[in-house]
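Data block for input_37.txt (compact mmCIF, C-alpha atoms and all ligand atoms):
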```
# COMPACT_ATOMS: atom_id res chain seq x y z
CA MET A 1 -6.32 -1.68 42.17
CA ASN A 2 -3.36 -3.37 43.87
CA TYR A 3 -1.81 -5.57 41.22
CA GLN A 4 0.65 -8.32 42.08
CA TYR A 5 3.33 -10.16 40.19
CA SER A 6 2.17 -13.66 41.02
CA ALA A 7 0.40 -16.53 39.31
CA GLU A 8 -2.09 -16.75 42.21
CA PHE A 9 -3.11 -13.16 41.72
CA ALA A 10 -3.54 -13.62 37.95
CA ARG A 11 -5.63 -16.77 38.50
CA GLU A 12 -7.83 -14.97 41.00
CA MET A 13 -8.44 -12.18 38.53
CA ASP A 14 -9.40 -14.74 35.88
CA GLU A 15 -11.79 -16.44 38.27
CA LYS A 16 -13.50 -13.14 39.04
CA ASP A 17 -13.71 -12.25 35.35
CA ALA A 18 -17.27 -12.77 34.05
CA LEU A 19 -15.96 -12.78 30.46
CA SER A 20 -13.25 -15.40 30.94
CA HIS A 21 -15.29 -18.16 29.25
CA PHE A 22 -15.20 -16.31 25.90
CA ARG A 23 -11.59 -17.45 25.57
CA ASP A 24 -12.89 -20.95 24.79
CA ARG A 25 -14.71 -19.64 21.74
CA PHE A 26 -11.43 -18.93 19.93
CA LEU A 27 -8.69 -21.00 18.34
CA PHE A 28 -5.17 -20.30 19.57
CA PRO A 29 -2.16 -20.84 17.31
CA LYS A 30 0.88 -22.72 18.56
CA VAL A 31 4.50 -21.60 18.72
CA ASN A 32 7.09 -24.36 18.94
CA GLY A 33 4.34 -26.87 19.71
CA LYS A 34 2.85 -24.92 22.63
CA ASP A 35 -0.19 -22.65 22.86
CA ALA A 36 0.98 -19.15 22.07
CA ILE A 37 0.66 -16.22 24.46
CA TYR A 38 -1.23 -14.40 21.77
CA LEU A 39 -0.98 -10.63 22.22
CA CYS A 40 -1.43 -9.70 18.58
CA GLY A 41 -5.16 -9.01 18.19
CA ASN A 42 -4.14 -5.54 17.00
CA SER A 43 -2.77 -7.11 13.84
CA LEU A 44 -4.92 -10.20 13.29
CA GLY A 45 -7.66 -11.23 15.69
CA LEU A 46 -8.06 -14.93 16.45
CA GLN A 47 -10.52 -17.21 14.70
CA PRO A 48 -13.86 -17.76 16.43
CA LYS A 49 -14.56 -21.50 16.57
CA SER A 50 -18.06 -20.74 15.29
CA ALA A 51 -16.73 -19.27 12.02
CA LYS A 52 -16.71 -22.69 10.37
CA ASP A 53 -20.42 -23.23 11.02
CA TYR A 54 -21.37 -19.78 9.77
CA ILE A 55 -19.44 -20.43 6.56
CA ALA A 56 -20.85 -23.95 6.21
CA LYS A 57 -24.37 -22.56 6.41
CA GLU A 58 -23.76 -20.23 3.48
CA LEU A 59 -22.09 -22.99 1.46
CA THR A 60 -25.18 -25.12 2.07
CA ASN A 61 -27.49 -22.28 1.03
CA TRP A 62 -25.48 -21.85 -2.13
CA ALA A 63 -25.44 -25.62 -2.81
CA GLU A 64 -29.16 -26.03 -2.26
CA MET A 65 -30.50 -22.84 -3.79
CA GLY A 66 -27.95 -21.64 -6.32
CA VAL A 67 -28.98 -18.23 -7.59
CA ASP A 68 -32.24 -18.35 -5.64
CA GLY A 69 -30.16 -17.84 -2.51
CA HIS A 70 -30.14 -14.12 -3.31
CA PHE A 71 -33.81 -13.74 -2.41
CA HIS A 72 -35.02 -16.89 -0.68
CA GLY A 73 -34.88 -18.02 2.89
CA GLU A 74 -34.14 -16.18 6.09
CA ASP A 75 -30.55 -15.58 5.03
CA ALA A 76 -31.31 -14.09 1.60
CA TRP A 77 -27.99 -12.69 0.35
CA PHE A 78 -29.70 -9.57 -1.01
CA PHE A 79 -30.13 -8.37 2.58
CA ALA A 80 -26.91 -9.86 3.95
CA LYS A 81 -25.40 -6.51 4.93
CA GLN A 82 -28.32 -5.63 7.20
CA LYS A 83 -27.34 -8.31 9.70
CA SER A 84 -24.07 -6.70 10.74
CA LYS A 85 -25.58 -3.26 11.35
CA PRO A 86 -26.77 -3.56 14.98
CA ALA A 87 -23.38 -4.79 16.21
CA LEU A 88 -21.37 -2.33 14.11
CA ALA A 89 -23.56 0.55 15.24
CA GLU A 90 -22.98 -0.41 18.88
CA ILE A 91 -19.23 -0.83 18.41
CA VAL A 92 -18.64 2.56 16.77
CA GLY A 93 -21.44 4.49 18.50
CA ALA A 94 -23.69 5.16 15.53
CA HIS A 95 -27.20 4.72 14.22
CA GLU A 96 -27.69 1.66 12.07
CA HIS A 97 -28.28 3.68 8.91
CA GLU A 98 -24.91 5.39 9.45
CA VAL A 99 -22.87 2.18 9.06
CA VAL A 100 -22.32 -0.40 6.38
CA ALA A 101 -19.89 -3.28 5.85
CA MET A 102 -18.27 -3.11 2.44
CA ASN A 103 -15.02 -3.40 0.46
CA ASN A 104 -11.63 -3.15 2.16
CA LEU A 105 -10.24 -0.39 4.28
CA SER A 106 -7.86 1.32 1.86
CA VAL A 107 -10.50 1.17 -0.87
CA ASN A 108 -12.99 2.83 1.46
CA LEU A 109 -10.51 5.55 2.41
CA HIS A 110 -10.31 6.48 -1.27
CA LEU A 111 -14.08 6.33 -1.75
CA LEU A 112 -14.66 8.60 1.23
CA MET A 113 -12.17 11.11 -0.15
CA VAL A 114 -14.26 11.29 -3.32
CA SER A 115 -17.13 12.60 -1.21
CA PHE A 116 -15.34 14.61 1.43
CA TYR A 117 -12.24 16.03 -0.24
CA GLN A 118 -13.24 18.69 -2.73
CA PRO A 119 -10.26 21.04 -2.62
CA THR A 120 -10.57 24.63 -3.81
CA LYS A 121 -7.87 27.25 -4.34
CA GLU A 122 -8.39 28.52 -0.82
CA ARG A 123 -9.34 25.37 1.07
CA TYR A 124 -7.27 22.31 0.23
CA LYS A 125 -5.11 21.27 3.19
CA ILE A 126 -5.32 18.01 5.10
CA ILE A 127 -4.07 17.44 8.63
CA VAL A 128 -2.79 13.97 9.52
CA GLU A 129 -0.53 12.64 12.25
CA ALA A 130 3.10 12.16 11.17
CA GLY A 131 3.97 8.49 10.70
CA ALA A 132 0.43 7.47 9.80
CA PHE A 133 -0.07 3.89 8.63
CA PRO A 134 1.57 3.62 5.17
CA SER A 135 -1.66 2.83 3.32
CA ASP A 136 -3.19 6.03 4.68
CA GLN A 137 -0.09 8.02 3.68
CA TYR A 138 -0.16 6.64 0.14
CA MET A 139 -3.89 7.28 -0.06
CA LEU A 140 -3.49 10.94 0.94
CA GLU A 141 -0.48 11.48 -1.30
CA THR A 142 -2.19 10.10 -4.39
CA GLN A 143 -5.53 11.78 -3.69
CA VAL A 144 -3.83 15.15 -3.42
CA LYS A 145 -1.92 14.51 -6.66
CA PHE A 146 -5.15 13.41 -8.32
CA HIS A 147 -6.47 16.92 -7.70
CA GLY A 148 -3.32 18.42 -9.23
CA LEU A 149 -1.93 19.57 -5.88
CA ASP A 150 1.47 19.17 -4.28
CA PRO A 151 1.45 16.72 -1.34
CA GLU A 152 4.32 18.63 0.30
CA GLU A 153 2.13 21.68 0.52
CA ALA A 154 -1.32 20.22 0.99
CA ILE A 155 -0.57 17.55 3.63
CA ILE A 156 0.28 18.82 7.09
CA GLU A 157 1.85 16.19 9.31
CA LEU A 158 1.64 16.66 13.07
CA LYS A 159 4.73 15.60 15.01
CA PRO A 160 5.05 15.21 18.76
CA ARG A 161 7.07 17.85 20.59
CA ASP A 162 10.80 17.24 20.97
CA GLY A 163 11.43 14.53 23.51
CA GLU A 164 7.79 13.33 23.43
CA HIS A 165 6.34 10.29 21.70
CA THR A 166 2.68 11.19 21.36
CA LEU A 167 0.69 14.22 20.29
CA ARG A 168 -0.87 16.68 22.69
CA THR A 169 -4.51 17.46 22.00
CA GLU A 170 -3.85 21.18 22.52
CA ASP A 171 -1.24 21.09 19.73
CA ILE A 172 -3.58 19.28 17.33
CA LEU A 173 -6.34 21.80 17.98
CA ALA A 174 -3.94 24.74 17.67
CA GLU A 175 -2.80 23.51 14.25
CA ILE A 176 -6.40 23.14 13.05
CA ARG A 177 -7.14 26.72 14.15
CA LYS A 178 -3.93 27.96 12.58
CA GLN A 179 -4.80 26.46 9.19
CA GLY A 180 -8.33 27.86 9.47
CA ASP A 181 -9.86 28.66 6.08
CA SER A 182 -7.19 26.72 4.21
CA LEU A 183 -8.07 23.46 5.94
CA ALA A 184 -10.27 21.04 3.97
CA MET A 185 -10.15 18.14 6.41
CA VAL A 186 -8.58 16.40 9.33
CA ASN A 187 -8.01 12.79 8.35
CA MET A 188 -6.25 10.99 11.19
CA ALA A 189 -6.17 7.62 12.86
CA GLY A 190 -8.56 7.24 15.79
CA LEU A 191 -5.97 5.07 17.55
CA GLN A 192 -2.44 5.45 16.24
CA TYR A 193 -1.06 2.06 15.17
CA TYR A 194 2.56 2.72 16.20
CA THR A 195 2.15 4.49 19.54
CA GLY A 196 -1.24 3.15 20.63
CA GLN A 197 -2.46 6.70 21.34
CA VAL A 198 -6.20 7.37 21.09
CA PHE A 199 -6.82 10.87 19.79
CA ASP A 200 -9.54 13.09 21.19
CA MET A 201 -11.86 12.62 18.23
CA LYS A 202 -14.62 14.68 19.77
CA ALA A 203 -12.46 17.76 20.34
CA ILE A 204 -10.76 17.41 16.96
CA THR A 205 -14.11 17.18 15.19
CA THR A 206 -15.54 20.16 17.04
CA VAL A 207 -12.61 22.42 16.18
CA ALA A 208 -12.40 21.15 12.59
CA HIS A 209 -16.05 22.08 12.16
CA GLU A 210 -15.42 25.50 13.71
CA VAL A 211 -12.98 26.32 10.89
CA GLY A 212 -15.29 24.83 8.26
CA ALA A 213 -13.36 21.59 7.66
CA TYR A 214 -14.44 17.95 7.71
CA ALA A 215 -13.20 15.44 10.28
CA GLY A 216 -12.73 11.79 9.32
CA PHE A 217 -10.95 8.96 11.12
CA ASP A 218 -9.29 5.68 10.24
CA LEU A 219 -10.45 3.35 13.01
CA ALA A 220 -8.47 0.25 12.01
CA HIS A 221 -7.07 -0.01 15.54
CA ALA A 222 -9.97 1.56 17.37
CA ALA A 223 -12.99 -0.46 16.20
CA GLY A 224 -13.75 -3.20 18.72
CA ASN A 225 -11.05 -1.81 21.02
CA ALA A 226 -11.59 1.79 22.14
CA PRO A 227 -14.93 3.34 23.11
CA LEU A 228 -16.39 5.27 20.19
CA SER A 229 -19.37 7.62 19.90
CA LEU A 230 -19.03 8.71 16.30
CA HIS A 231 -22.57 10.00 16.00
CA ASP A 232 -22.55 12.07 19.18
CA TRP A 233 -19.06 13.37 18.49
CA ASP A 234 -20.44 14.59 15.18
CA VAL A 235 -17.65 12.91 13.19
CA ASP A 236 -18.26 13.26 9.45
CA PHE A 237 -16.96 9.90 8.28
CA ALA A 238 -14.85 6.94 9.38
CA THR A 239 -13.73 3.55 8.18
CA TRP A 240 -12.12 0.49 9.75
CA CYS A 241 -11.17 -3.11 9.01
CA SER A 242 -12.67 -6.23 10.56
CA TYR A 243 -9.65 -8.48 10.83
CA LYS A 244 -7.87 -6.78 13.74
CA TYR A 245 -9.94 -6.47 16.94
CA LEU A 246 -13.07 -7.57 15.10
CA ASN A 247 -11.68 -11.10 14.58
CA SER A 248 -13.19 -11.60 11.13
CA GLY A 249 -10.26 -13.18 9.32
CA PRO A 250 -7.40 -11.97 7.12
CA GLY A 251 -8.44 -9.35 4.58
CA ASN A 252 -12.11 -9.54 5.45
CA VAL A 253 -14.66 -6.79 4.86
CA SER A 254 -14.21 -3.21 6.06
CA GLY A 255 -16.84 -0.98 7.66
CA VAL A 256 -17.81 2.59 6.98
CA PHE A 257 -19.52 5.31 9.03
CA ILE A 258 -21.12 8.32 7.40
CA HIS A 259 -22.91 10.76 9.67
CA GLU A 260 -26.65 10.95 9.14
CA ARG A 261 -26.51 14.58 8.11
CA PHE A 262 -25.23 13.23 4.77
CA ALA A 263 -27.90 10.52 4.57
CA GLU A 264 -30.07 12.48 2.17
CA ARG A 265 -27.38 14.22 0.19
CA PRO A 266 -27.57 12.64 -3.27
CA ASP A 267 -25.66 15.70 -4.51
CA LEU A 268 -22.54 14.68 -2.58
CA ASN A 269 -19.89 13.34 -4.98
CA ARG A 270 -19.47 9.61 -4.91
CA PHE A 271 -18.28 6.78 -7.12
CA ALA A 272 -21.40 4.68 -7.41
CA GLY A 273 -22.25 1.05 -8.06
CA TRP A 274 -25.51 -0.87 -8.33
CA TRP A 275 -25.45 -1.95 -4.69
CA GLY A 276 -25.70 1.68 -3.56
CA HIS A 277 -28.69 2.26 -5.83
CA ASP A 278 -32.21 2.41 -4.36
CA GLN A 279 -32.88 -1.15 -3.27
CA ASP A 280 -36.48 -1.20 -4.50
CA LEU A 281 -35.47 -0.05 -7.97
CA ARG A 282 -32.20 -1.94 -8.25
CA PHE A 283 -33.44 -4.73 -10.45
CA LYS A 284 -35.27 -2.44 -12.85
CA MET A 285 -31.78 -2.07 -14.33
CA GLU A 286 -32.44 1.51 -15.34
CA LYS A 287 -30.28 4.55 -15.99
CA GLY A 288 -29.77 7.29 -13.40
CA PHE A 289 -28.18 6.61 -10.01
CA ILE A 290 -30.49 7.08 -7.03
CA PRO A 291 -28.50 6.47 -3.81
CA MET A 292 -29.94 4.54 -0.92
CA HIS A 293 -30.52 6.40 2.32
CA GLY A 294 -27.48 6.77 4.57
CA ALA A 295 -24.22 4.84 4.44
CA ASP A 296 -25.84 2.18 2.22
CA GLY A 297 -25.80 4.73 -0.59
CA TRP A 298 -22.01 4.42 -0.76
CA GLN A 299 -22.00 0.68 -1.55
CA LEU A 300 -20.73 -0.46 -4.93
CA SER A 301 -20.79 -4.22 -5.21
CA ASN A 302 -22.87 -7.10 -3.99
CA SER A 303 -21.52 -8.66 -0.84
CA ASP A 304 -18.87 -11.29 -0.26
CA ILE A 305 -21.22 -13.67 1.52
CA ILE A 306 -18.55 -16.01 2.88
CA GLY A 307 -16.60 -13.08 4.30
CA LEU A 308 -19.71 -11.57 5.85
CA ALA A 309 -20.53 -14.93 7.44
CA VAL A 310 -17.24 -14.95 9.35
CA HIS A 311 -17.73 -11.28 10.23
CA GLN A 312 -21.12 -12.14 11.68
CA ALA A 313 -19.74 -15.06 13.70
CA SER A 314 -17.45 -12.59 15.42
CA LEU A 315 -19.97 -9.75 15.77
CA ASP A 316 -22.44 -12.12 17.43
CA ILE A 317 -19.80 -12.84 20.10
CA PHE A 318 -19.25 -9.11 20.60
CA GLN A 319 -22.99 -8.59 21.05
CA GLU A 320 -23.16 -11.42 23.55
CA ALA A 321 -20.23 -10.12 25.60
CA GLY A 322 -21.34 -6.48 25.43
CA PHE A 323 -18.88 -3.80 24.45
CA ALA A 324 -19.04 -1.91 27.77
CA ASN A 325 -18.13 -5.13 29.65
CA LEU A 326 -15.26 -5.77 27.27
CA ARG A 327 -13.92 -2.28 27.76
CA ARG A 328 -14.05 -2.59 31.54
CA LYS A 329 -11.99 -5.78 31.41
CA SER A 330 -9.69 -4.29 28.78
CA GLU A 331 -8.72 -1.39 31.03
CA GLN A 332 -7.82 -3.83 33.82
CA LEU A 333 -5.84 -6.19 31.58
CA THR A 334 -3.82 -3.37 30.08
CA ALA A 335 -3.28 -1.78 33.49
CA TYR A 336 -1.99 -5.15 34.73
CA LEU A 337 0.38 -5.43 31.78
CA THR A 338 1.58 -1.87 32.41
CA TYR A 339 2.14 -2.63 36.09
CA LEU A 340 4.15 -5.78 35.38
CA ILE A 341 6.33 -4.20 32.70
CA GLU A 342 7.16 -1.26 34.95
CA GLU A 343 7.72 -3.51 37.95
CA ILE A 344 10.07 -5.85 36.07
CA SER A 345 11.90 -3.63 33.61
CA GLY A 346 11.49 -0.21 35.22
CA ASN A 347 15.18 0.58 35.58
CA SER A 348 16.63 -1.86 33.07
CA GLY A 349 17.06 0.72 30.31
CA VAL A 350 15.95 -1.90 27.78
CA LEU A 351 12.50 -0.58 27.02
CA GLU A 352 9.97 2.16 27.68
CA ILE A 353 6.19 2.24 27.29
CA ILE A 354 5.31 5.10 24.95
CA THR A 355 1.53 4.56 24.90
CA PRO A 356 -0.26 7.14 27.08
CA LYS A 357 -0.94 6.07 30.67
CA ASN A 358 -4.38 7.65 30.80
CA PRO A 359 -6.95 4.91 29.94
CA ALA A 360 -9.00 7.43 27.94
CA GLU A 361 -6.00 7.88 25.65
CA ARG A 362 -5.36 4.23 24.87
CA GLY A 363 -7.03 1.01 23.87
CA CYS A 364 -5.65 -2.35 24.95
CA GLN A 365 -2.36 -2.05 23.04
CA LEU A 366 0.90 -1.01 24.63
CA SER A 367 3.79 0.10 22.45
CA LEU A 368 7.23 -0.59 23.88
CA LEU A 369 10.09 1.46 22.54
CA ILE A 370 13.16 -0.78 22.60
CA HIS A 371 16.29 1.09 23.66
CA ARG A 372 18.64 -1.86 23.85
CA GLY A 373 18.71 -5.16 21.98
CA GLY A 374 16.50 -4.14 19.05
CA LYS A 375 14.58 -6.85 17.29
CA ALA A 376 16.54 -9.53 19.14
CA VAL A 377 14.35 -8.75 22.17
CA PHE A 378 11.25 -9.52 20.16
CA ASP A 379 12.79 -12.70 18.71
CA GLU A 380 13.74 -13.87 22.20
CA TRP A 381 10.17 -13.44 23.46
CA TYR A 382 8.80 -15.23 20.41
CA LYS A 383 11.04 -18.22 21.12
CA TYR A 384 9.11 -18.65 24.37
CA GLY A 385 5.72 -18.31 22.72
CA VAL A 386 4.93 -14.60 22.92
CA VAL A 387 3.17 -13.45 19.76
CA GLY A 388 3.25 -9.66 19.62
CA ASP A 389 4.54 -7.70 16.71
CA TRP A 390 7.64 -5.81 15.79
CA ARG A 391 7.21 -2.50 13.98
CA ASN A 392 10.13 -0.70 12.43
CA PRO A 393 12.11 1.20 13.45
CA ASN A 394 12.03 0.06 17.09
CA VAL A 395 8.68 -0.73 18.64
CA ILE A 396 7.13 -3.92 19.97
CA ARG A 397 3.35 -3.84 20.22
CA LEU A 398 1.52 -6.03 22.72
CA ALA A 399 -2.26 -6.11 22.80
CA PRO A 400 -4.02 -8.11 25.51
CA THR A 401 -7.55 -8.28 24.12
CA PRO A 402 -10.44 -8.70 26.56
CA LEU A 403 -12.34 -11.28 24.49
CA TYR A 404 -9.74 -14.02 24.54
CA ASN A 405 -6.77 -12.97 26.66
CA SER A 406 -6.50 -13.78 30.35
CA PHE A 407 -4.67 -12.24 33.26
CA LEU A 408 -2.60 -15.41 33.32
CA ASP A 409 -1.49 -14.69 29.72
CA VAL A 410 -0.24 -11.33 30.91
CA PHE A 411 1.51 -12.93 33.89
CA ARG A 412 3.17 -15.55 31.70
CA PHE A 413 4.45 -12.83 29.42
CA ALA A 414 5.88 -11.03 32.45
CA GLN A 415 7.89 -14.12 33.41
CA ILE A 416 9.38 -14.29 29.93
CA LEU A 417 10.14 -10.58 30.06
CA GLU A 418 11.98 -11.01 33.38
CA GLN A 419 13.96 -13.91 32.00
CA SER A 420 14.92 -12.01 28.84
CA LEU A 421 16.19 -8.99 30.75
CA LYS A 422 19.04 -11.10 32.07
CA LYS A 423 20.25 -11.16 28.49
CA PHE A 424 19.62 -7.57 27.41
CA ALA A 425 19.81 -5.39 30.52
C1 LIG A 501 -4.42 -2.24 9.21
C2 LIG A 501 -4.51 -0.87 8.66
C3 LIG A 501 -4.76 -0.67 7.28
C4 LIG A 501 -4.87 -1.83 6.33
O1 LIG A 501 -5.57 -1.51 5.16
P1 LIG A 501 -6.24 -2.65 4.27
O2 LIG A 501 -6.82 -1.91 3.14
O3 LIG A 501 -7.26 -3.34 5.13
O4 LIG A 501 -5.17 -3.61 3.85
C5 LIG A 501 -4.92 0.64 6.84
N1 LIG A 501 -4.80 1.69 7.70
C6 LIG A 501 -4.55 1.52 9.02
C7 LIG A 501 -4.45 2.69 9.93
C8 LIG A 501 -4.38 0.23 9.52
O5 LIG A 501 -4.09 0.07 10.81
```
Represent the structure contained in this file as structure tokens.
Amino acid sequence: MNYQYSAEFAREMDEKDALSHFRDRFLFPKVNGKDAIYLCGNSLGLQPKSAKDYIAKELTNWAEMGVDGHFHGEDAWFFAKQKSKPALAEIVGAHEHEVVAMNNLSVNLHLLMVSFYQPTKERYKIIVEAGAFPSDQYMLETQVKFHGLDPEEAIIELKPRDGEHTLRTEDILAEIRKQGDSLAMVNMAGLQYYTGQVFDMKAITTVAHEVGAYAGFDLAHAAGNAPLSLHDWDVDFATWCSYKYLNSGPGNVSGVFIHERFAERPDLNRFAGWWGHDQDLRFKMEKGFIPMHGADGWQLSNSDIIGLAVHQASLDIFQEAGFANLRRKSEQLTAYLTYLIEEISGNSGVLEIITPKNPAERGCQLSLLIHRGGKAVFDEWYKYGVVGDWRNPNVIRLAPTPLYNSFLDVFRFAQILEQSLKKFA
């Protein structure tokens, strides 16, 4: 497509965009009294206007039914988790019995390790990308220690080649093959939070399986953003959060994927709770854990109904928009942002896009490595209403999300970028 640096062009693109009306379903924060140019859905998605009504409905159910709300009415809380399954299955490319909404992301990472990390003398290593999100690093470090192993030896961190910012698939696969029989699992991000790179989850899973290891992914930045086919890729397990691209509110419920080949594996280690116990027998209150079929068998606690209500408000919008449509728009929005940044700051020496150019290797987020000006560049943009985020040591992340961002948002950012270069170039 021939992109142009003009407001007319951006407006035309918005007029042609069949999804543009979804913007009105969200609440935009203000910066210095003006609507923000919100490019931070990678960190916290915006609030759907409908969230209030979904919450109000549950508060009414609770007020009117008290404890009977667990089993009565069309929204019986006992079955609350079932509602999110169709949308979650579509978003991550899974069967409904392979997904469940529960707990929080870091908690789920630990729970999945209980099932999928069973180190032996020979097979105990874990491959992860260097510079993984801190929670994931701490999780791996403490899990390895929990098994009496040395993190320095058991955790293999993959670094980009000298002079490069992202990992090459061939290098990831070569390392998996090299570790061979000593490799217990690959446990990487699906979309790397700092660089915005999407890893080739299918190839990684295939090669991990070839050497007899598991492959699991943290999809915090991929769910609701990048195309995923977890079932067909044969991924063993995955988890994500709902408050980034899934717009479900700060700290809201996480989601888990467990491939169906583990659906009837009651022998697989797990830390159990009553909500993972056979639903029909749950209220017999008897001894002896019998897991539910599929991902449901990993649940521990009864659901946070208010949190799930907000989650559902957002998932219903995703279903209505259709993930394939969102992705199509997303590729265009991010290509437009790429075009404008290169057009305006190409030779300035101030910044450089380190996210891969190939659409298959990125979601909507672009990571800009700041060579000159440091965080002052970010602060300058913020002054004019750009909400992105700064990540130490020197990256600004901008994520135009297809549900609520417009081409005009991207154009307005470009104007602020041009202005700011006068100061930093
Ligand atoms: C956002 C994010 C987290 C956050 O974990 P919580 O348990 O939800 O606080 C963890 N890992 C990655 C990769 C993330 O991007």
When the cut-off is 9 Å and you count all atoms listed in the file, which residues lie near ligand LIG 501 (chain A), shown as a PDB file with C-alpha atoms, in the coordinates of the input?
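That gives us pocket32.pdb:
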```pdb
ATOM      1  CA  ASN A  42      -4.140  -5.540  17.000  1.00  0.00           C
ATOM      2  CA  SER A  43      -2.770  -7.110  13.840  1.00  0.00           C
ATOM      3  CA  LEU A  44      -4.920 -10.200  13.290  1.00  0.00           C
ATOM      4  CA  ASN A 103     -15.020  -3.400   0.460  1.00  0.00           C
ATOM      5  CA  ASN A 104     -11.630  -3.150   2.160  1.00  0.00           C
ATOM      6  CA  LEU A 105     -10.240  -0.390   4.280  1.00  0.00           C
ATOM      7  CA  SER A 106      -7.860   1.320   1.860  1.00  0.00           C
ATOM      8  CA  VAL A 107     -10.500   1.170  -0.870  1.00  0.00           C
ATOM      9  CA  ASN A 108     -12.990   2.830   1.460  1.00  0.00           C
ATOM     10  CA  LEU A 109     -10.510   5.550   2.410  1.00  0.00           C
ATOM     11  CA  ALA A 132       0.430   7.470   9.800  1.00  0.00           C
ATOM     12  CA  PHE A 133      -0.070   3.890   8.630  1.00  0.00           C
ATOM     13  CA  PRO A 134       1.570   3.620   5.170  1.00  0.00           C
ATOM     14  CA  SER A 135      -1.660   2.830   3.320  1.00  0.00           C
ATOM     15  CA  ASP A 136      -3.190   6.030   4.680  1.00  0.00           C
ATOM     16  CA  GLN A 137      -0.090   8.020   3.680  1.00  0.00           C
ATOM     17  CA  MET A 188      -6.250  10.990  11.190  1.00  0.00           C
ATOM     18  CA  ALA A 189      -6.170   7.620  12.860  1.00  0.00           C
ATOM     19  CA  GLY A 190      -8.560   7.240  15.790  1.00  0.00           C
ATOM     20  CA  LEU A 191      -5.970   5.070  17.550  1.00  0.00           C
ATOM     21  CA  GLN A 192      -2.440   5.450  16.240  1.00  0.00           C
ATOM     22  CA  TYR A 193      -1.060   2.060  15.170  1.00  0.00           C
ATOM     23  CA  TYR A 194       2.560   2.720  16.200  1.00  0.00           C
ATOM     24  CA  ASP A 218      -9.290   5.680  10.240  1.00  0.00           C
ATOM     25  CA  LEU A 219     -10.450   3.350  13.010  1.00  0.00           C
ATOM     26  CA  ALA A 220      -8.470   0.250  12.010  1.00  0.00           C
ATOM     27  CA  HIS A 221      -7.070  -0.010  15.540  1.00  0.00           C
ATOM     28  CA  ALA A 222      -9.970   1.560  17.370  1.00  0.00           C
ATOM     29  CA  TRP A 240     -12.120   0.490   9.750  1.00  0.00           C
ATOM     30  CA  CYS A 241     -11.170  -3.110   9.010  1.00  0.00           C
ATOM     31  CA  SER A 242     -12.670  -6.230  10.560  1.00  0.00           C
ATOM     32  CA  TYR A 243      -9.650  -8.480  10.830  1.00  0.00           C
ATOM     33  CA  LYS A 244      -7.870  -6.780  13.740  1.00  0.00           C
ATOM     34  CA  PRO A 250      -7.400 -11.970   7.120  1.00  0.00           C
ATOM     35  CA  GLY A 251      -8.440  -9.350   4.580  1.00  0.00           C
ATOM     36  CA  ASN A 252     -12.110  -9.540   5.450  1.00  0.00           C
ATOM     37  CA  VAL A 253     -14.660  -6.790   4.860  1.00  0.00           C
ATOM     38  CA  SER A 254     -14.210  -3.210   6.060  1.00  0.00           C
TER      39      SER A 254
END
```
List the neighbours of Ala324 in chain A out to 12 Å using all atoms listed in the file; skip same-chain residues closer than 5 positions along the sequence, and give me the result as a short mmCIF file (atom, residue, chain, number, x, y, z; two decimals) with C-alpha atoms, in the frame of the given file.
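Resulting contents of around_33.cif:
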```cif
data_model
loop_
_atom_site.label_atom_id
_atom_site.label_comp_id
_atom_site.auth_asym_id
_atom_site.auth_seq_id
_atom_site.Cartn_x
_atom_site.Cartn_y
_atom_site.Cartn_z
CA LEU A 19 -15.96 -12.78 30.46
CA GLU A 90 -22.98 -0.41 18.88
CA ILE A 91 -19.23 -0.83 18.41
CA VAL A 92 -18.64 2.56 16.77
CA GLY A 93 -21.44 4.49 18.50
CA GLY A 224 -13.75 -3.20 18.72
CA ASN A 225 -11.05 -1.81 21.02
CA ALA A 226 -11.59 1.79 22.14
CA PRO A 227 -14.93 3.34 23.11
CA LEU A 228 -16.39 5.27 20.19
CA PHE A 318 -19.25 -9.11 20.60
CA GLN A 319 -22.99 -8.59 21.05
CA LYS A 329 -11.99 -5.78 31.41
CA SER A 330 -9.69 -4.29 28.78
CA GLU A 331 -8.72 -1.39 31.03
CA PRO A 402 -10.44 -8.70 26.56
CA LEU A 403 -12.34 -11.28 24.49
#
```
- Task: List the neighbours of Leu333 in chain A out to 10 Å using only C-alpha atoms; skip same-chain residues closer than 6 positions along the sequence, and give me the result as an NGL selection string.
- Result: :A and (13 or 327 or 339 or 364 or 399-402 or 405-410)
- Nearest to Thr120 in chain A, restricted to all atoms listed in the file and choosing among A:Arg412, A:Lys49, A:His147, A:His97, comes out as A:His147
- Query: Is there a way to get, as a PyMOL selection string, all residues within 12 Å of the point (12.5, -9.9, 22.7) in file coordinates, counting all atoms listed in the file?
  - Reply: chain A and resi 350-351+368-390+394-398+413-414+416-425
- Task: Grab the CA of Cys40 in chain A to CA of Tyr404 in chain A distance for me, in Å with one decimal place.
- Result: 11.1 Å
